[in-house]
>>> print(open('model21.cif').read())   # mmCIF, C-alpha atoms
data_coords
loop_
_atom_site.label_atom_id
_atom_site.label_comp_id
_atom_site.auth_asym_id
_atom_site.auth_seq_id
_atom_site.Cartn_x
_atom_site.Cartn_y
_atom_site.Cartn_z
CA MET A 1 247.40 77.77 217.66
CA SER A 2 247.38 74.53 219.64
CA LEU A 3 249.78 72.00 218.18
CA ARG A 4 249.42 68.23 218.39
CA LEU A 5 251.46 65.68 216.55
CA HIS A 6 249.78 62.63 215.04
CA LEU A 7 251.27 59.54 213.44
CA ALA A 8 251.63 59.99 209.72
CA VAL A 9 249.66 57.77 207.37
CA PRO A 10 250.81 56.71 203.88
CA GLU A 11 248.37 59.13 202.22
CA GLU A 12 250.38 62.00 203.75
CA ALA A 13 253.63 60.98 201.99
CA PRO A 14 253.21 63.51 199.12
CA ALA A 15 252.66 66.38 201.57
CA LEU A 16 255.61 65.30 203.73
CA ALA A 17 257.92 65.05 200.71
CA ALA A 18 256.74 68.52 199.61
CA LEU A 19 257.41 69.97 203.07
CA HIS A 20 260.95 68.53 203.11
CA ALA A 21 261.54 69.83 199.56
CA ALA A 22 260.40 73.32 200.61
CA VAL A 23 262.73 73.30 203.63
CA ALA A 24 265.67 71.98 201.57
CA GLY A 25 265.04 74.63 198.91
CA ASP A 26 264.83 77.40 201.49
CA LEU A 27 268.07 76.33 203.22
CA THR A 28 269.86 76.03 199.88
CA ARG A 29 268.72 79.52 198.82
CA ARG A 30 269.91 80.98 202.12
CA TYR A 31 273.13 79.02 202.72
CA GLY A 32 274.13 77.46 199.43
CA LYS A 33 274.34 73.78 198.54
CA GLY A 34 275.06 71.35 201.33
CA HIS A 35 273.90 68.13 202.91
CA TRP A 36 270.65 69.95 203.74
CA SER A 37 269.90 70.47 200.01
CA SER A 38 268.39 67.06 199.29
CA ALA A 39 264.81 66.15 200.03
CA PRO A 40 263.23 62.69 200.25
CA THR A 41 260.97 61.36 197.54
CA GLU A 42 257.49 60.05 198.41
CA LYS A 43 258.98 56.56 198.25
CA ALA A 44 261.66 57.54 200.80
CA VAL A 45 259.00 59.08 203.06
CA LEU A 46 257.05 55.81 202.97
CA ARG A 47 260.24 53.86 203.76
CA GLY A 48 260.80 56.21 206.71
CA MET A 49 257.30 55.39 207.97
CA ARG A 50 258.22 51.70 208.01
CA MET A 51 261.52 52.28 209.82
CA SER A 52 260.45 54.82 212.45
CA LYS A 53 257.44 56.64 213.80
CA VAL A 54 256.79 59.66 211.59
CA PHE A 55 254.76 62.42 213.22
CA VAL A 56 252.95 65.28 211.54
CA ALA A 57 251.60 68.64 212.71
CA ARG A 58 248.79 70.23 210.71
CA ASP A 59 247.12 73.59 210.57
CA GLY A 60 243.76 72.67 209.09
CA SER A 61 244.55 70.64 205.99
CA ASP A 62 248.13 71.97 205.67
CA VAL A 63 251.11 69.93 206.91
CA ILE A 64 253.23 72.46 208.79
CA ALA A 65 255.81 70.26 210.54
CA THR A 66 257.10 66.72 210.69
CA LEU A 67 259.67 64.65 212.55
CA HIS A 68 260.74 61.04 213.04
CA LEU A 69 261.21 59.20 216.34
CA ALA A 70 263.00 55.87 216.44
CA THR A 71 264.44 53.48 218.97
CA LYS A 72 267.07 52.32 216.47
CA LYS A 73 270.20 54.48 216.36
CA PRO A 74 270.62 56.41 213.09
CA TRP A 75 273.74 55.51 211.11
CA ALA A 76 275.51 58.86 211.66
CA ILE A 77 275.29 58.76 215.46
CA ASP A 78 278.12 57.35 217.56
CA ARG A 79 276.66 56.01 220.82
CA SER A 80 279.91 56.56 222.73
CA TYR A 81 279.20 60.31 223.06
CA PHE A 82 275.98 59.80 225.00
CA ARG A 83 275.26 58.92 228.61
CA GLU A 84 274.22 55.40 229.42
CA CYS A 85 270.47 54.84 229.42
CA LYS A 86 268.18 51.90 228.73
CA ARG A 87 265.59 53.45 226.41
CA PRO A 88 266.85 56.28 224.20
CA LEU A 89 264.75 57.74 221.41
CA TYR A 90 266.34 59.31 218.36
CA LEU A 91 264.79 62.44 216.85
CA THR A 92 265.52 62.82 213.14
CA ASP A 93 264.26 64.62 210.06
CA MET A 94 262.50 67.45 211.86
CA ALA A 95 261.14 70.09 209.49
CA VAL A 96 258.89 73.14 209.86
CA ALA A 97 257.39 74.89 206.83
CA PRO A 98 259.72 77.78 205.92
CA ALA A 99 256.94 80.40 206.00
CA LEU A 100 256.06 79.35 209.55
CA GLN A 101 259.54 79.17 211.06
CA HIS A 102 260.43 81.45 214.00
CA GLN A 103 256.82 81.36 215.24
CA GLY A 104 257.25 78.76 218.00
CA ILE A 105 256.06 75.74 216.00
CA GLY A 106 259.41 73.94 216.32
CA ARG A 107 259.45 74.51 220.09
CA ARG A 108 255.90 73.19 220.39
CA CYS A 109 256.94 70.13 218.37
CA ILE A 110 259.79 69.53 220.83
CA GLU A 111 257.35 69.82 223.75
CA GLU A 112 255.15 67.22 222.04
CA VAL A 113 258.20 65.01 221.45
CA LYS A 114 259.00 65.15 225.18
CA ARG A 115 255.40 64.19 226.01
CA ILE A 116 255.46 61.32 223.51
CA ALA A 117 258.87 60.15 224.75
CA ARG A 118 257.68 60.00 228.36
CA GLU A 119 254.65 57.95 227.30
CA TRP A 120 256.79 55.67 225.10
CA PRO A 121 258.57 55.36 227.74
CA ALA A 122 262.04 56.67 226.93
CA ASP A 123 264.88 57.82 229.17
CA ALA A 124 266.46 60.27 226.72
CA ILE A 125 266.01 62.00 223.39
CA ARG A 126 269.10 62.08 221.17
CA LEU A 127 269.81 63.78 217.87
CA ASP A 128 272.46 65.24 215.64
CA ALA A 129 272.42 68.59 213.88
CA TYR A 130 274.65 70.15 211.24
CA ASP A 131 277.38 72.33 212.69
CA ALA A 132 276.94 74.99 210.01
CA ASP A 133 274.91 78.13 209.40
CA ALA A 134 272.14 75.93 207.97
CA GLY A 135 272.20 73.71 211.07
CA ALA A 136 269.76 73.79 213.94
CA GLY A 137 272.20 73.61 216.87
CA GLY A 138 271.08 76.93 218.36
CA PHE A 139 267.44 75.87 218.15
CA TYR A 140 268.07 72.60 220.01
CA ARG A 141 270.10 74.38 222.71
CA LYS A 142 267.21 76.84 223.26
CA CYS A 143 264.85 73.87 223.59
CA GLY A 144 266.93 72.44 226.45
CA PHE A 145 269.10 69.87 224.67
CA GLU A 146 272.65 69.50 225.92
CA GLU A 147 275.55 69.30 223.49
CA VAL A 148 277.45 66.08 224.19
CA GLY A 149 279.89 65.96 221.29
CA ARG A 150 281.07 67.17 217.92
CA VAL A 151 282.21 64.95 215.08
CA ILE A 152 283.00 65.01 211.39
CA TYR A 153 281.00 62.39 209.55
CA ARG A 154 281.64 62.00 205.80
CA LYS A 155 283.09 65.52 205.70
CA THR A 156 280.02 66.88 207.50
CA PRO A 157 280.48 68.54 210.90
CA LEU A 158 277.78 67.35 213.29
CA ILE A 159 276.81 68.25 216.85
CA TYR A 160 275.34 65.51 219.03
CA PHE A 161 272.61 66.60 221.44
CA GLU A 162 270.85 64.77 224.25
CA MET A 163 268.02 65.48 226.65
CA LEU A 164 267.63 63.19 229.66
CA LEU A 165 264.00 62.82 230.64
CA GLY A 166 264.34 61.66 234.23
CA ILE A 167 261.47 59.20 234.05
#
>>> encode(input="model21.cif", output="structure tokens")
Amino acid sequence: MSLRLHLAVPEEAPALAALHAAVAGDLTRRYGKGHWSSAPTEKAVLRGMRMSKVFVARDGSDVIATLHLATKKPWAIDRSYFRECKRPLYLTDMAVAPALQHQGIGRRCIEEVKRIAREWPADAIRLDAYDADAGAGGFYRKCGFEEVGRVIYRKTPLIYFEMLLGI
């Protein structure tokens, strides 16, 4: 399956909220309640579309993955852990349909993110991930992100990751 990300449109908000709810439910079933247990409402998805670029991957009519890219630093990220660069992009809210995880879709999304970031243009991609069994730290390491710090934010252990793009 060839995977391309496209910018989300407001009509996709219900499907995006449903995807996030499915991922949150799956993580909660597997790892118990945690910060990963909440899912955005359609209203929150629409707000996210106004605040960042929301991308969607589809398989036919089904939404199979989504992520946000933004130039504005998310509230939980402390800039001091990252290397100096002029144009960082922040990757947030990445989700892949639970039934399709471990099939390479997340990796293909990251490859698309790198392509988009270079066209943006951006110098780096930054993100945080939960430092817990339900977190995606191992996934981001396998995709080539470098761990640049660990913090506790509101009782939540986070790992900061960065990928320099060398534009």
>>> atom_distance(input="model21.cif", atom1="atom CA of Gly149 of chain A", atom2="atom CA of Ser37 of chain A")
23.9 Å
>>> resolve_selection(input="model21.cif", expression="the PyMOL selection byres ((chain A and resi 78) around 10)", output="list in words")
Lys73, Pro74, Trp75, Ala76, Ile77, Arg79, Ser80, Tyr81, Phe82, Asp128, Gly149, Val151, Tyr153 and Tyr160 of chain A
>>> closest_residue(input="model21.cif", among="A:Leu67, A:Arg29, A:Lys72, A:Pro10", to="Leu46 of chain A", atoms="only C-alpha atoms")
A:Pro10
>>> residues_near_point(input="model21.cif", point="(260.0, 53.4, 227.1)", cutoff="12 Å", atoms="only C-alpha atoms", output="compact mmCIF listing (two decimals) with C-alpha atoms, in the frame of the given file")
# COMPACT_ATOMS: atom_id res chain seq x y z
CA ALA A 70 263.00 55.87 216.44
CA THR A 71 264.44 53.48 218.97
CA CYS A 85 270.47 54.84 229.42
CA LYS A 86 268.18 51.90 228.73
CA ARG A 87 265.59 53.45 226.41
CA PRO A 88 266.85 56.28 224.20
CA LEU A 89 264.75 57.74 221.41
CA LYS A 114 259.00 65.15 225.18
CA ARG A 115 255.40 64.19 226.01
CA ILE A 116 255.46 61.32 223.51
CA ALA A 117 258.87 60.15 224.75
CA ARG A 118 257.68 60.00 228.36
CA GLU A 119 254.65 57.95 227.30
CA TRP A 120 256.79 55.67 225.10
CA PRO A 121 258.57 55.36 227.74
CA ALA A 122 262.04 56.67 226.93
CA ASP A 123 264.88 57.82 229.17
CA ALA A 124 266.46 60.27 226.72
CA ILE A 125 266.01 62.00 223.39
CA LEU A 165 264.00 62.82 230.64
CA GLY A 166 264.34 61.66 234.23
CA ILE A 167 261.47 59.20 234.05
>>> residues_around(input="model21.cif", residues="Leu19 of chain A", least_positions_apart="2", cutoff="8 Å", atoms="all atoms listed in the file", output="PyMOL selection string")
chain A and resi 15-17+21-23+63-65+95-97
>>> closest_residue(input="model21.cif", among="A:Arg58, A:His68, A:Arg83, A:Arg107", to="Glu146 of chain A", atoms="all atoms listed in the file")
A:Arg83
>>> closest_residue(input="model21.cif", among="A:Phe55, A:Phe161, A:Tyr90, A:Phe139", to="His6 of chain A", atoms="all atoms listed in the file")
A:Phe55
>>> closest_residue(input="model21.cif", among="A:Ala13, A:Ile159, A:Leu5, A:Ala132", to="Ile110 of chain A", atoms="only C-alpha atoms")
A:Leu5
>>> closest_residue(input="model21.cif", among="A:Pro157, A:Gly138, A:Gly106, A:Pro98", to="Arg30 of chain A", atoms="all atoms listed in the file")
A:Pro98
>>> closest_residue(input="model21.cif", among="A:Val45, A:Met163, A:Leu69, A:Leu3", to="Leu91 of chain A", atoms="only C-alpha atoms")
A:Leu69
>>> atom_distance(input="model21.cif", atom1="atom CA of Asp62 of chain A", atom2="atom CA of Glu12 of chain A")
10.4 Å
>>> atom_distance(input="model21.cif", atom1="atom CA of Leu7 of chain A", atom2="atom CA of Ala44 of chain A")
16.5 Å
